[in-house]
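To be precise, the following lines are start_24.txt, and they hold compact mmCIF, C-alpha atoms.
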```txt
# COMPACT_ATOMS: atom_id res chain seq x y z
CA MET A 26 -46.98 -10.78 -143.84
CA HIS A 27 -50.73 -11.14 -143.33
CA VAL A 28 -52.15 -12.20 -146.68
CA THR A 29 -55.74 -11.08 -147.16
CA ARG A 30 -57.87 -13.97 -148.38
CA GLY A 31 -58.95 -13.48 -151.97
CA PHE A 32 -57.25 -10.12 -152.44
CA THR A 33 -55.39 -9.78 -155.71
CA GLY A 34 -55.23 -6.02 -156.22
CA ARG A 35 -54.62 -4.07 -159.37
CA PRO A 36 -52.49 -5.43 -162.18
CA ARG A 37 -48.88 -4.98 -161.09
CA VAL A 38 -47.01 -2.25 -162.84
CA SER A 39 -43.35 -2.07 -162.10
CA ASP A 40 -42.91 1.63 -161.62
CA PRO A 41 -39.64 2.74 -160.09
CA GLY A 42 -41.18 6.20 -159.61
CA LEU A 43 -43.81 4.94 -157.18
CA PRO A 44 -42.79 5.09 -153.51
CA PRO A 45 -43.82 2.20 -151.21
CA GLY A 46 -47.51 2.06 -150.33
CA GLN A 47 -48.50 4.61 -152.99
CA TYR A 48 -50.76 4.25 -156.04
CA ASP A 49 -50.89 6.18 -159.29
CA ALA A 50 -53.75 8.71 -159.18
CA GLY A 51 -53.63 9.09 -162.96
CA ASP A 52 -55.33 12.29 -164.06
CA ASP A 53 -56.88 12.93 -160.65
CA TRP A 54 -55.48 15.56 -158.35
CA PRO A 55 -57.35 15.23 -155.06
CA VAL A 56 -57.77 18.33 -152.90
CA LEU A 57 -57.23 17.66 -149.21
CA SER A 58 -56.96 21.03 -147.46
CA ALA A 59 -58.53 21.03 -144.02
CA GLU A 60 -59.70 24.63 -144.15
CA VAL A 61 -61.95 26.82 -146.26
CA THR A 62 -60.23 27.75 -149.54
CA PRO A 63 -59.29 31.42 -149.10
CA ASP A 64 -60.31 34.11 -151.54
CA LEU A 65 -56.79 35.48 -152.01
CA ALA A 66 -56.01 37.78 -154.93
CA ALA A 67 -52.50 37.81 -156.36
CA THR A 68 -52.24 41.50 -155.53
CA ASP A 69 -52.95 40.71 -151.87
CA TRP A 70 -50.43 37.88 -151.74
CA SER A 71 -47.04 38.36 -150.10
CA PHE A 72 -44.23 36.09 -149.03
CA ARG A 73 -41.90 36.71 -146.10
CA ILE A 74 -38.80 34.99 -144.75
CA ASP A 75 -37.59 35.90 -141.28
CA GLY A 76 -36.24 34.29 -138.11
CA ARG A 77 -32.62 33.12 -138.09
CA VAL A 78 -31.59 35.10 -141.17
CA ALA A 79 -29.31 38.08 -141.77
CA GLU A 80 -31.89 40.16 -143.64
CA PRO A 81 -35.56 39.35 -143.10
CA ARG A 82 -37.62 40.37 -146.08
CA THR A 83 -41.10 40.43 -147.62
CA TRP A 84 -41.82 40.07 -151.35
CA THR A 85 -44.92 41.25 -153.13
CA TRP A 86 -46.38 39.34 -156.07
CA ALA A 87 -44.52 41.63 -158.50
CA GLU A 88 -41.24 41.41 -156.58
CA ALA A 89 -41.42 37.62 -156.42
CA HIS A 90 -42.11 37.49 -160.15
CA ALA A 91 -39.04 39.64 -160.83
CA LEU A 92 -36.83 36.76 -159.64
CA PRO A 93 -35.51 34.18 -162.15
CA THR A 94 -38.16 31.63 -163.04
CA SER A 95 -37.66 27.96 -162.38
CA ALA A 96 -39.84 24.94 -163.19
CA TYR A 97 -40.36 21.54 -161.61
CA ASP A 98 -41.16 18.62 -163.88
CA GLY A 99 -41.73 15.41 -162.00
CA ASP A 100 -43.93 13.60 -159.53
CA ILE A 101 -45.77 14.45 -156.30
CA HIS A 102 -46.79 12.13 -153.46
CA CYS A 103 -49.62 12.54 -150.94
CA VAL A 104 -49.55 10.84 -147.54
CA THR A 105 -53.11 9.59 -148.11
CA GLY A 106 -51.67 7.21 -150.72
CA TRP A 107 -51.86 8.79 -154.15
CA SER A 108 -48.95 9.84 -156.31
CA LYS A 109 -49.26 11.96 -159.43
CA PHE A 110 -46.76 11.57 -162.23
CA GLY A 111 -45.48 14.06 -164.75
CA VAL A 112 -46.70 17.28 -163.18
CA ARG A 113 -45.26 20.65 -164.19
CA PHE A 114 -45.11 23.59 -161.85
CA GLY A 115 -43.70 27.02 -162.69
CA GLY A 116 -42.37 29.48 -160.15
CA VAL A 117 -39.17 30.58 -158.46
CA SER A 118 -36.61 28.39 -156.76
CA LEU A 119 -36.68 28.87 -153.00
CA ASP A 120 -32.89 29.21 -153.18
CA ALA A 121 -33.38 32.58 -154.90
CA PHE A 122 -35.34 33.85 -151.89
CA LEU A 123 -33.06 32.27 -149.28
CA ASP A 124 -29.94 33.68 -150.96
CA MET A 125 -31.32 37.16 -150.37
CA VAL A 126 -32.11 36.71 -146.66
CA ARG A 127 -29.03 34.59 -145.87
CA PRO A 128 -29.95 32.02 -143.18
CA ALA A 129 -27.65 31.95 -140.14
CA THR A 130 -25.14 29.12 -139.84
CA THR A 131 -27.12 27.97 -136.77
CA ALA A 132 -30.34 27.62 -138.78
CA THR A 133 -31.56 24.02 -139.02
CA HIS A 134 -35.34 24.06 -139.62
CA ALA A 135 -38.17 26.17 -140.91
CA VAL A 136 -41.87 26.55 -140.29
CA ALA A 137 -43.75 27.31 -143.49
CA TYR A 138 -47.04 29.12 -142.94
CA SER A 139 -50.02 29.97 -145.10
CA HIS A 140 -52.25 32.97 -145.46
CA THR A 141 -54.88 30.74 -143.78
CA GLY A 142 -52.61 30.16 -140.78
CA TYR A 143 -51.77 26.56 -141.75
CA THR A 144 -48.25 25.58 -140.71
CA THR A 145 -45.84 22.79 -141.60
CA SER A 146 -42.32 22.18 -140.38
CA LEU A 147 -39.33 21.13 -142.46
CA PRO A 148 -35.60 20.62 -142.11
CA LEU A 149 -33.90 23.58 -143.79
CA ALA A 150 -31.82 21.13 -145.84
CA ASP A 151 -35.01 20.02 -147.61
CA LEU A 152 -35.71 23.59 -148.73
CA THR A 153 -32.33 24.28 -150.33
CA GLY A 154 -30.24 22.93 -153.19
CA GLY A 155 -32.84 23.29 -155.95
CA ARG A 156 -35.39 21.00 -154.28
CA ALA A 157 -38.05 23.56 -153.26
CA TRP A 158 -39.99 26.26 -155.06
CA ILE A 159 -42.58 28.96 -154.65
CA ALA A 160 -44.98 27.85 -157.40
CA PHE A 161 -47.38 30.18 -159.20
CA GLU A 162 -48.32 28.00 -162.17
CA TYR A 163 -49.49 24.49 -162.84
CA ASP A 164 -49.29 23.10 -166.35
CA GLY A 165 -48.64 26.56 -167.75
CA ARG A 166 -51.67 28.18 -166.11
CA PRO A 167 -52.20 30.10 -162.88
CA LEU A 168 -52.34 27.71 -159.93
CA PRO A 169 -56.02 27.14 -159.03
CA ALA A 170 -57.11 28.43 -155.60
CA GLU A 171 -58.07 24.96 -154.33
CA HIS A 172 -54.54 23.76 -155.12
CA GLY A 173 -52.95 26.67 -153.28
CA GLY A 174 -53.09 29.52 -155.77
CA PRO A 175 -52.04 32.21 -156.19
CA ALA A 176 -48.83 30.67 -154.75
CA ARG A 177 -47.84 27.57 -152.83
CA LEU A 178 -44.67 26.11 -151.45
CA LEU A 179 -43.52 23.11 -153.50
CA VAL A 180 -41.26 20.49 -151.90
CA PRO A 181 -41.99 17.53 -154.16
CA HIS A 182 -39.48 15.08 -152.67
CA LEU A 183 -41.51 15.05 -149.42
CA TYR A 184 -45.18 14.12 -148.83
CA PHE A 185 -47.32 16.90 -150.16
CA TRP A 186 -48.66 18.25 -146.85
CA LYS A 187 -45.21 19.88 -146.55
CA SER A 188 -45.94 21.90 -149.73
CA ALA A 189 -48.04 24.52 -147.94
CA LYS A 190 -50.83 26.05 -150.03
CA TRP A 191 -51.36 29.84 -150.07
CA ILE A 192 -47.83 30.23 -148.81
CA ALA A 193 -47.29 33.37 -146.72
CA GLY A 194 -43.85 32.86 -145.29
CA LEU A 195 -41.04 30.88 -143.73
CA ARG A 196 -39.79 31.33 -140.20
CA ILE A 197 -36.21 30.06 -140.10
CA LEU A 198 -35.35 28.35 -136.80
CA ASP A 199 -32.43 26.71 -135.01
CA HIS A 200 -34.67 23.84 -133.86
CA ASP A 201 -37.66 21.82 -135.07
CA GLU A 202 -41.11 23.20 -134.23
CA PRO A 203 -43.91 20.87 -135.32
CA GLY A 204 -46.48 22.40 -137.69
CA PHE A 205 -50.17 21.56 -138.00
CA TRP A 206 -50.08 17.98 -139.24
CA GLU A 207 -46.86 17.28 -137.38
CA GLN A 208 -48.74 18.14 -134.15
CA ASN A 209 -51.58 15.91 -135.35
CA GLY A 210 -49.48 12.77 -135.42
CA TYR A 211 -47.74 13.07 -138.78
CA HIS A 212 -44.04 12.57 -139.37
CA ALA A 213 -41.48 15.33 -138.80
CA ARG A 214 -39.83 14.86 -142.20
CA GLY A 215 -42.25 12.93 -144.42
CA ASN A 216 -39.95 11.22 -146.91
CA PRO A 217 -42.20 9.09 -149.15
CA TRP A 218 -39.35 6.76 -150.10
CA GLU A 219 -38.97 5.77 -146.45
CA GLU A 220 -42.74 5.84 -145.96
CA GLN A 221 -42.49 8.37 -143.13
CA ARG A 222 -46.24 8.97 -142.81
CA TYR A 223 -46.79 9.16 -139.07
CA SER A 224 -44.57 9.96 -136.14
CA GLY A 225 -42.93 6.71 -135.20
CA ASP A 226 -42.55 5.53 -138.83
CA MET B 18 -37.84 28.47 -125.35
CA ALA B 19 -37.90 32.05 -124.18
CA SER B 20 -39.34 33.25 -127.47
CA GLY B 21 -42.17 30.70 -127.34
CA ARG B 22 -43.64 28.69 -130.15
CA PHE B 23 -43.91 30.31 -133.55
CA ARG B 24 -47.43 31.53 -134.29
CA PRO B 25 -48.38 32.51 -137.82
CA PRO B 26 -49.84 36.00 -138.28
CA SER B 27 -53.25 34.60 -139.23
CA ARG B 28 -54.92 32.09 -136.97
CA PHE B 29 -55.26 28.65 -138.51
CA ALA B 30 -58.78 27.82 -139.55
CA VAL B 31 -58.83 24.40 -137.98
CA PRO B 32 -56.70 23.97 -134.89
CA GLY B 33 -56.47 20.34 -133.81
CA ARG B 34 -59.12 19.27 -131.32
CA ILE B 35 -57.29 16.54 -129.44
CA ALA B 36 -53.78 15.42 -128.69
CA VAL B 37 -52.77 12.49 -130.82
CA SER B 38 -50.69 9.58 -129.67
CA GLY B 39 -47.93 8.75 -132.10
CA SER B 40 -47.36 5.34 -130.58
CA THR B 41 -50.88 3.93 -131.06
CA ALA B 42 -50.92 5.11 -134.67
CA ALA B 43 -47.64 3.38 -135.44
CA VAL B 44 -48.86 -0.17 -134.76
CA TRP B 45 -50.60 -2.33 -137.36
CA ARG B 46 -53.30 -4.45 -135.74
CA THR B 47 -55.21 -7.41 -137.09
CA ALA B 48 -58.92 -6.71 -137.50
CA THR B 49 -61.36 -9.59 -137.95
CA LEU B 50 -64.49 -8.95 -139.97
CA THR B 51 -67.49 -9.96 -137.85
CA GLY B 52 -70.41 -8.66 -139.88
CA ILE B 53 -71.53 -6.90 -143.06
CA ARG B 54 -74.64 -4.71 -143.21
CA ARG B 55 -75.99 -3.28 -146.44
CA GLU B 56 -76.77 0.43 -146.23
CA THR B 57 -77.63 1.40 -149.82
CA ALA B 58 -77.17 -0.15 -153.25
CA ARG B 59 -73.67 1.30 -153.27
CA ALA B 60 -72.61 1.32 -149.63
CA ALA B 61 -72.24 -1.29 -146.91
CA THR B 62 -71.02 -1.27 -143.33
CA PHE B 63 -68.23 -3.62 -142.28
CA ARG B 64 -67.88 -4.46 -138.59
CA PHE B 65 -64.56 -5.58 -137.16
CA ALA B 66 -63.24 -6.90 -133.88
CA VAL B 67 -59.89 -5.24 -133.22
CA PRO B 68 -58.04 -6.61 -130.18
CA GLY B 69 -55.95 -3.87 -128.61
CA TRP B 70 -57.81 -1.04 -130.36
CA ALA B 71 -56.79 2.09 -128.45
CA GLY B 72 -60.20 3.71 -128.82
CA HIS B 73 -61.02 6.71 -130.95
CA VAL B 74 -62.77 10.04 -130.79
CA PRO B 75 -65.72 10.53 -133.16
CA GLY B 76 -64.51 11.94 -136.48
CA GLN B 77 -61.15 10.20 -136.53
CA HIS B 78 -60.05 7.86 -139.30
CA LEU B 79 -57.75 4.89 -139.69
CA MET B 80 -55.45 3.44 -142.29
CA LEU B 81 -56.26 0.00 -143.60
CA ARG B 82 -54.21 -2.38 -145.68
CA LEU B 83 -54.88 -5.49 -147.72
CA THR B 84 -52.01 -7.77 -148.74
CA ALA B 85 -51.99 -10.03 -151.78
CA ALA B 86 -50.23 -13.41 -151.83
CA ASP B 87 -47.28 -11.95 -153.74
CA GLY B 88 -46.76 -9.28 -151.09
CA TYR B 89 -48.52 -6.48 -153.00
CA VAL B 90 -50.13 -4.09 -150.52
CA ALA B 91 -52.99 -1.64 -150.97
CA GLN B 92 -53.53 0.99 -148.25
CA ARG B 93 -56.45 3.37 -147.80
CA HIS B 94 -57.68 5.86 -145.22
CA TYR B 95 -61.26 5.44 -144.03
CA SER B 96 -63.33 7.35 -141.52
CA ILE B 97 -64.67 5.39 -138.57
CA ALA B 98 -68.48 5.17 -138.49
CA SER B 99 -68.97 3.64 -135.08
CA PRO B 100 -68.89 5.54 -131.80
CA PRO B 101 -66.11 4.99 -129.27
CA ASP B 102 -66.63 2.34 -126.60
CA ASP B 103 -68.20 -0.23 -128.91
CA GLY B 104 -66.73 -3.19 -127.03
CA GLY B 105 -63.50 -3.51 -129.01
CA HIS B 106 -65.33 -3.24 -132.33
CA ILE B 107 -65.17 -0.62 -135.03
CA GLU B 108 -67.33 -0.12 -138.10
CA LEU B 109 -66.45 1.30 -141.51
CA THR B 110 -69.01 2.20 -144.16
CA LEU B 111 -67.53 1.93 -147.63
CA ASP B 112 -68.84 2.93 -151.03
CA HIS B 113 -68.24 0.42 -153.77
CA VAL B 114 -65.97 2.53 -155.97
CA GLU B 115 -65.94 1.52 -159.63
CA GLY B 116 -62.65 -0.26 -160.27
CA GLY B 117 -61.60 0.24 -156.65
CA GLU B 118 -59.22 -2.55 -155.67
CA VAL B 119 -59.88 -2.15 -151.93
CA SER B 120 -63.59 -1.28 -151.90
CA GLY B 121 -64.08 -3.89 -154.62
CA TRP B 122 -62.58 -6.56 -152.38
CA PHE B 123 -64.82 -5.53 -149.49
CA HIS B 124 -67.98 -5.51 -151.59
CA THR B 125 -67.41 -8.68 -153.61
CA VAL B 126 -65.01 -10.96 -151.72
CA ALA B 127 -65.02 -10.15 -147.99
CA ARG B 128 -66.97 -12.31 -145.57
CA PRO B 129 -67.09 -12.65 -141.78
CA GLY B 130 -63.93 -14.24 -140.44
CA ASP B 131 -61.64 -12.47 -142.92
CA ARG B 132 -58.71 -10.66 -141.41
CA ILE B 133 -57.20 -7.38 -142.53
CA GLU B 134 -54.83 -4.90 -140.90
CA VAL B 135 -55.52 -1.43 -139.52
CA ARG B 136 -53.54 1.29 -137.79
CA GLY B 137 -54.96 4.21 -135.91
CA PRO B 138 -56.94 6.09 -134.87
CA LEU B 139 -55.34 8.89 -136.86
CA SER B 140 -55.40 12.68 -136.80
CA GLY B 141 -57.06 15.04 -134.38
CA PHE B 142 -58.32 17.94 -136.45
CA PHE B 143 -61.68 16.46 -137.46
CA ALA B 144 -62.31 14.93 -134.05
CA TRP B 145 -65.33 15.88 -131.93
CA PRO B 146 -65.03 14.85 -128.30
CA GLY B 147 -68.69 15.77 -127.67
CA ASP B 148 -67.91 19.04 -125.98
CA ARG B 149 -68.76 21.95 -128.29
CA PRO B 150 -72.07 22.51 -130.12
CA ALA B 151 -71.58 20.91 -133.52
CA LEU B 152 -73.00 21.68 -136.94
CA LEU B 153 -72.29 18.69 -139.18
CA VAL B 154 -72.56 18.93 -142.96
CA GLY B 155 -71.97 15.90 -145.15
CA ALA B 156 -72.73 14.43 -148.54
CA GLY B 157 -72.75 10.82 -149.69
CA SER B 158 -70.36 8.72 -147.66
CA GLY B 159 -69.08 11.99 -146.19
CA VAL B 160 -71.69 11.40 -143.53
CA VAL B 161 -69.66 8.49 -142.10
CA PRO B 162 -67.42 10.37 -139.61
CA LEU B 163 -70.37 12.65 -138.75
CA MET B 164 -72.48 9.59 -137.88
CA SER B 165 -69.86 8.55 -135.34
CA MET B 166 -70.49 11.92 -133.68
CA VAL B 167 -74.30 11.56 -133.81
CA ARG B 168 -74.06 8.05 -132.35
CA HIS B 169 -71.66 9.15 -129.62
CA ARG B 170 -73.96 11.97 -128.56
CA ARG B 171 -76.95 9.65 -128.53
CA ALA B 172 -75.19 6.83 -126.69
CA HIS B 173 -74.17 9.16 -123.89
CA GLY B 174 -77.32 11.26 -123.84
CA LEU B 175 -75.24 14.40 -124.27
CA ASP B 176 -77.06 17.72 -124.00
CA VAL B 177 -74.64 19.55 -126.29
CA PRO B 178 -76.51 20.88 -129.35
CA LEU B 179 -75.83 19.05 -132.60
CA ARG B 180 -77.35 19.43 -136.07
CA LEU B 181 -76.68 17.37 -139.16
CA LEU B 182 -77.31 18.43 -142.75
CA VAL B 183 -76.82 15.40 -144.99
CA SER B 184 -77.02 15.44 -148.76
CA ALA B 185 -77.83 12.36 -150.87
CA ARG B 186 -79.01 11.81 -154.42
CA GLY B 187 -82.28 10.35 -153.21
CA PRO B 188 -83.88 8.60 -150.23
CA ARG B 189 -82.50 5.22 -151.36
CA ASP B 190 -78.97 6.64 -151.46
CA LEU B 191 -79.15 8.04 -147.95
CA ILE B 192 -76.76 6.06 -145.74
CA TYR B 193 -78.07 5.33 -142.19
CA ALA B 194 -81.55 6.54 -143.27
CA ASP B 195 -83.29 4.73 -140.42
CA GLU B 196 -81.06 6.15 -137.73
CA TYR B 197 -81.63 9.87 -138.11
CA GLY B 198 -83.71 11.81 -135.64
CA ALA B 199 -84.80 15.38 -135.12
CA GLU B 200 -81.18 16.54 -135.28
CA THR B 201 -80.98 15.74 -139.00
CA THR B 202 -82.15 17.52 -142.15
CA PRO B 203 -81.69 15.43 -145.30
CA VAL B 204 -81.17 17.23 -148.60
CA PHE B 205 -81.99 15.32 -151.79
CA THR B 206 -80.32 16.36 -155.02
CA ARG B 207 -82.00 14.12 -157.63
CA SER B 208 -85.18 12.61 -156.23
CA ALA B 209 -87.14 13.10 -153.03
CA PRO B 210 -90.29 11.93 -151.29
CA VAL B 211 -93.47 13.75 -152.28
CA GLY B 212 -93.53 17.25 -150.84
CA VAL B 213 -89.77 17.43 -150.27
CA PRO B 214 -87.93 19.77 -152.63
CA VAL B 215 -85.17 18.40 -154.89
CA GLY B 216 -81.97 20.36 -155.32
CA ARG B 217 -78.48 21.12 -154.18
CA MET B 218 -77.81 22.18 -150.60
CA SER B 219 -78.37 25.92 -150.43
CA ALA B 220 -78.65 28.92 -148.15
CA THR B 221 -82.24 27.93 -147.41
CA HIS B 222 -80.95 24.79 -145.65
CA VAL B 223 -78.12 26.54 -143.85
CA ALA B 224 -79.97 29.63 -142.65
CA PRO B 225 -82.34 27.87 -140.21
CA VAL B 226 -79.55 25.96 -138.46
CA MET B 227 -77.39 29.07 -138.28
CA ALA B 228 -80.37 30.86 -136.70
CA GLU B 229 -80.51 28.08 -134.07
CA ALA B 230 -76.84 28.54 -133.15
CA PRO B 231 -76.33 28.25 -129.40
CA PRO B 232 -74.46 30.97 -127.48
CA GLY B 233 -70.83 30.83 -128.61
CA GLY B 234 -71.86 29.50 -132.01
CA TRP B 235 -71.32 26.23 -133.83
CA GLU B 236 -68.19 24.22 -134.46
CA ALA B 237 -68.72 23.16 -138.10
CA TYR B 238 -67.54 19.85 -139.57
CA VAL B 239 -67.85 19.39 -143.34
CA CYS B 240 -67.16 16.08 -145.08
CA GLY B 241 -67.61 14.95 -148.66
CA SER B 242 -66.13 15.26 -152.12
CA ASN B 243 -63.98 18.29 -152.81
CA ALA B 244 -66.75 19.83 -154.93
CA PHE B 245 -69.25 19.40 -152.11
CA ALA B 246 -66.80 20.63 -149.46
CA GLU B 247 -66.04 23.78 -151.46
CA HIS B 248 -69.75 24.42 -151.99
CA ALA B 249 -70.85 23.70 -148.42
CA SER B 250 -68.01 25.61 -146.79
CA ARG B 251 -68.84 28.68 -148.89
CA LEU B 252 -72.49 28.42 -147.84
CA LEU B 253 -71.42 28.33 -144.20
CA VAL B 254 -69.11 31.33 -144.59
CA GLU B 255 -71.80 33.30 -146.42
CA ALA B 256 -74.22 32.45 -143.60
CA GLY B 257 -71.81 33.95 -141.06
CA GLN B 258 -69.91 30.90 -139.79
CA PRO B 259 -66.32 31.99 -138.94
CA VAL B 260 -63.72 30.36 -141.24
CA ASP B 261 -61.60 29.40 -138.27
CA ARG B 262 -64.44 27.25 -136.97
CA ILE B 263 -64.96 25.16 -140.08
CA ARG B 264 -63.13 21.85 -140.28
CA ILE B 265 -63.15 20.13 -143.65
CA GLU B 266 -62.42 16.53 -144.53
CA ARG B 267 -62.35 15.89 -148.27
CA PHE B 268 -62.34 12.53 -150.03
CA GLY B 269 -59.04 11.55 -151.59
```
For the structure just supplied, provide its representation as structure tokens.
Amino acid sequence: MHVTRGFTGRPRVSDPGLPPGQYDAGDDWPVLSAEVTPDLAATDWSFRIDGRVAEPRTWTWAEAHALPTSAYDGDIHCVTGWSKFGVRFGGVSLDAFLDMVRPATTATHAVAYSHTGYTTSLPLADLTGGRAWIAFEYDGRPLPAEHGGPARLLVPHLYFWKSAKWIAGLRILDHDEPGFWEQNGYHARGNPWEEQRYSGD
Amino acid sequence: MASGRFRPPSRFAVPGRIAVSGSTAAVWRTATLTGIRRETARAATFRFAVPGWAGHVPGQHLMLRLTAADGYVAQRHYSIASPPDDGGHIELTLDHVEGGEVSGWFHTVARPGDRIEVRGPLSGFFAWPGDRPALLVGAGSGVVPLMSMVRHRRAHGLDVPLRLLVSARGPRDLIYADEYGAETTPVFTRSAPVGVPVGRMSATHVAPVMAEAPPGGWEAYVCGSNAFAEHASRLLVEAGQPVDRIRIERFG
């Protein structure tokens, strides 16, 4: 341990919800997209799942909204260091979509991609079992464009770069294919509780 | 793989510029503070000697951590202000953020000889190796990674066109004010020297530099607060800059 002379830091709050190396952003919700926020109307939005699945399929906004709704109440964690507590997203569980396309038994990973072309890679196991959503709402209102509206992927148990904004689809794969940040030195899985920020962590 | 790598149907706006080494980014290194230079009332530059620093490309950032006696750790990402090949030194320019535990330590406690830890350089998407013509647009301390690019170009006498639009509240808030040359157009939002208009960056600032675009166009790099980044990136798009050639780094 290299103690920094004279550094005391914030008052300590024992918060079991805060992963290692993170701080509580409070009411802030920083925007960190690397591209121009797209001007994407809900009527122009679509979501597709294909690749190693039995029945590839595309949903329109209306078709996605016809699926059973599901909410996430909890925390989110950004690799840059902030965590945000007590957020509420509304949308549809990703399980509802995956159940309809039926991933092959050989499927192990997915690349999530945005309407901007952004990509991020995830183990398929992190997208199933009620742990991932397609989110349309934040705090009871339509998701703002700068936060990924009209719809974003939500995988809150991983660092938030995995929760692709302006989600356009998932390509289901039988191997890992690094997405944008993963090719730029970030971790393949990104579990905040193990502080998997960069490749090699 | 026979099928090749998956490519999304729309091209990503900001493909990475350089390959990034995972191994250099994984190591925490001790950095020794060797000097502090005041830039504005709110910002100062901190110079460090970093033995073993792998070298960076202008535009890259690092992660820094401070450790308290009880083991409490605070980590932050900061853009690197200095150009590469600075003799094993790097410089960071930090705003004094109100209530900021890390920037507060730097601005009120730190002195030469203090040691902290850094890892990096990190990320390749905002990097500028000095190859393509670059249009740089920054506000406040968002100019920091852009200054690394300006300094790199100057240090190597590169011919590649480069323009910088930098927004500040007033002349006294303009970081690196003495270093800018003909490549830079400052924009003042609250107060300005006599004869210089006051106001937010607008199409009238962007249009002339877009008109100067070299053959093949500009690679645009935008850095600042989210509000500024949203505003500036829209101005660029409205002026005809392709969205897939605008890289944005937002504070946070």
Restrict the calculation to all atoms listed in the file, then for each residue of chain A with any atom at most 6 Å from an atom of chain B give the closest atom pair and their distance in Å to one decimal, rows by chain and rising residue number, as CSV.
```
residue,atom,partner,partner_atom,distance
A:Val28,CA,B:Thr84,CA,4.9
A:Thr29,CA,B:Thr84,CA,5.2
A:Phe32,CA,B:Ala85,CA,5.3
A:Thr33,CA,B:Ala85,CA,5.2
A:Gly34,CA,B:Glu118,CA,5.3
A:Pro55,CA,B:Gly269,CA,5.3
A:Leu57,CA,B:Arg267,CA,5.5
A:Ala59,CA,B:Ile265,CA,4.7
A:Glu60,CA,B:Ala30,CA,5.7
A:Thr141,CA,B:Phe29,CA,5.7
A:Gly142,CA,B:Phe29,CA,3.8
A:Tyr143,CA,B:Phe29,CA,5.2
A:Asn209,CA,B:Ser140,CA,5.2
A:Gly210,CA,B:Gly39,CA,5.4
A:Ser224,CA,B:Gly39,CA,5.4
A:Gly225,CA,B:Ala43,CA,5.8
```
Point to revise | Selection near B:Trp145, 8 Å with only C-alpha atoms, sequence-local residues under 5 positions removed, as a list in words | key: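 Here the answer would be Arg34, Val74, Pro75, Gly76 and Met166 of chain B.
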Review point. Leaving out B:Pro150 and any residue of its chain fewer than 5 positions from it, which residues lie within 7 Å of it when counting all atoms listed in the file, given as a list in words?
Key: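 Here the qualifying residues turn out to be Val177, Pro178, Leu179, Trp235 and Glu236 of chain B.
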Would you write out those residues with C-alpha atoms, as an mmCIF file, keeping the file's coordinate frame?
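Generated output (selection18.cif):
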```cif
data_model
loop_
_atom_site.group_PDB
_atom_site.id
_atom_site.type_symbol
_atom_site.label_atom_id
_atom_site.label_comp_id
_atom_site.auth_asym_id
_atom_site.auth_seq_id
_atom_site.Cartn_x
_atom_site.Cartn_y
_atom_site.Cartn_z
ATOM 1 C CA VAL B 177 -74.640 19.550 -126.290
ATOM 2 C CA PRO B 178 -76.510 20.880 -129.350
ATOM 3 C CA LEU B 179 -75.830 19.050 -132.600
ATOM 4 C CA TRP B 235 -71.320 26.230 -133.830
ATOM 5 C CA GLU B 236 -68.190 24.220 -134.460
#
```
Check your understanding: So how many Å separate atom CA of B:Leu152 and atom CA of B:Gly174, to one decimal?
Key ->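 Answer for the atom CA of B:Leu152 to atom CA of B:Gly174 separation: 17.3 Å.
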Practice item. Figure out the distance between atom CA of B:Val226 and atom CA of B:Tyr197, please, to one decimal in Å. Key: 16.2 Å
Check your understanding: Can you tell me, as a PyMOL selection string, what residues are no more than 12 Å from A:Thr131 when counting all atoms listed in the file, ignoring any on the same chain fewer than 6 positions away?
Key -> chain A and resi 76-79+149+197-200
Using all atoms listed in the file, find all polymer residues with an atom at most 6 Å away from the point (-42.9, 31.3, -165.1); report them as a PDB file with C-alpha atoms, in the coordinates of the input.
```
ATOM      1  CA  THR A  94     -38.160  31.630-163.040  1.00  0.00           C
ATOM      2  CA  GLY A 115     -43.700  27.020-162.690  1.00  0.00           C
ATOM      3  CA  GLY A 116     -42.370  29.480-160.150  1.00  0.00           C
TER       4      GLY A 116
END
```
Kindly compute an axis-aligned box around the listed atoms of stretch 141-152 of chain B, allowing 5 Å on each side, and express its centre and edge lengths in Å to one decimal as JSON.
```
{"center_x": -65.0, "center_y": 18.7, "center_z": -131.7, "size_x": 25.9, "size_y": 17.7, "size_z": 21.5}
```
Review point. Hey, can you check how far atom CA of A:Trp218 sits from atom CA of A:Asp100?
Key: 12.5 Å
Stretch 179-186 of chain A: which residues within 9 Å, counting only C-alpha atoms, same-chain residues fewer than 3 positions away excluded, as a compact mmCIF listing (two decimals) with C-alpha atoms, keeping the file's coordinate frame?
```txt
# COMPACT_ATOMS: atom_id res chain seq x y z
CA LEU A 57 -57.23 17.66 -149.21
CA SER A 58 -56.96 21.03 -147.46
CA TYR A 97 -40.36 21.54 -161.61
CA GLY A 99 -41.73 15.41 -162.00
CA ASP A 100 -43.93 13.60 -159.53
CA ILE A 101 -45.77 14.45 -156.30
CA HIS A 102 -46.79 12.13 -153.46
CA CYS A 103 -49.62 12.54 -150.94
CA VAL A 104 -49.55 10.84 -147.54
CA PHE A 114 -45.11 23.59 -161.85
CA LEU A 119 -36.68 28.87 -153.00
CA THR A 145 -45.84 22.79 -141.60
CA ASP A 151 -35.01 20.02 -147.61
CA LEU A 152 -35.71 23.59 -148.73
CA ARG A 156 -35.39 21.00 -154.28
CA ALA A 157 -38.05 23.56 -153.26
CA TRP A 158 -39.99 26.26 -155.06
CA ILE A 159 -42.58 28.96 -154.65
CA ALA A 160 -44.98 27.85 -157.40
CA ALA A 189 -48.04 24.52 -147.94
CA LYS A 190 -50.83 26.05 -150.03
CA TRP A 206 -50.08 17.98 -139.24
CA ARG A 214 -39.83 14.86 -142.20
CA GLY A 215 -42.25 12.93 -144.42
CA ASN A 216 -39.95 11.22 -146.91
CA PRO A 217 -42.20 9.09 -149.15
CA TRP A 218 -39.35 6.76 -150.10
CA GLN A 221 -42.49 8.37 -143.13
CA ARG A 222 -46.24 8.97 -142.81
```
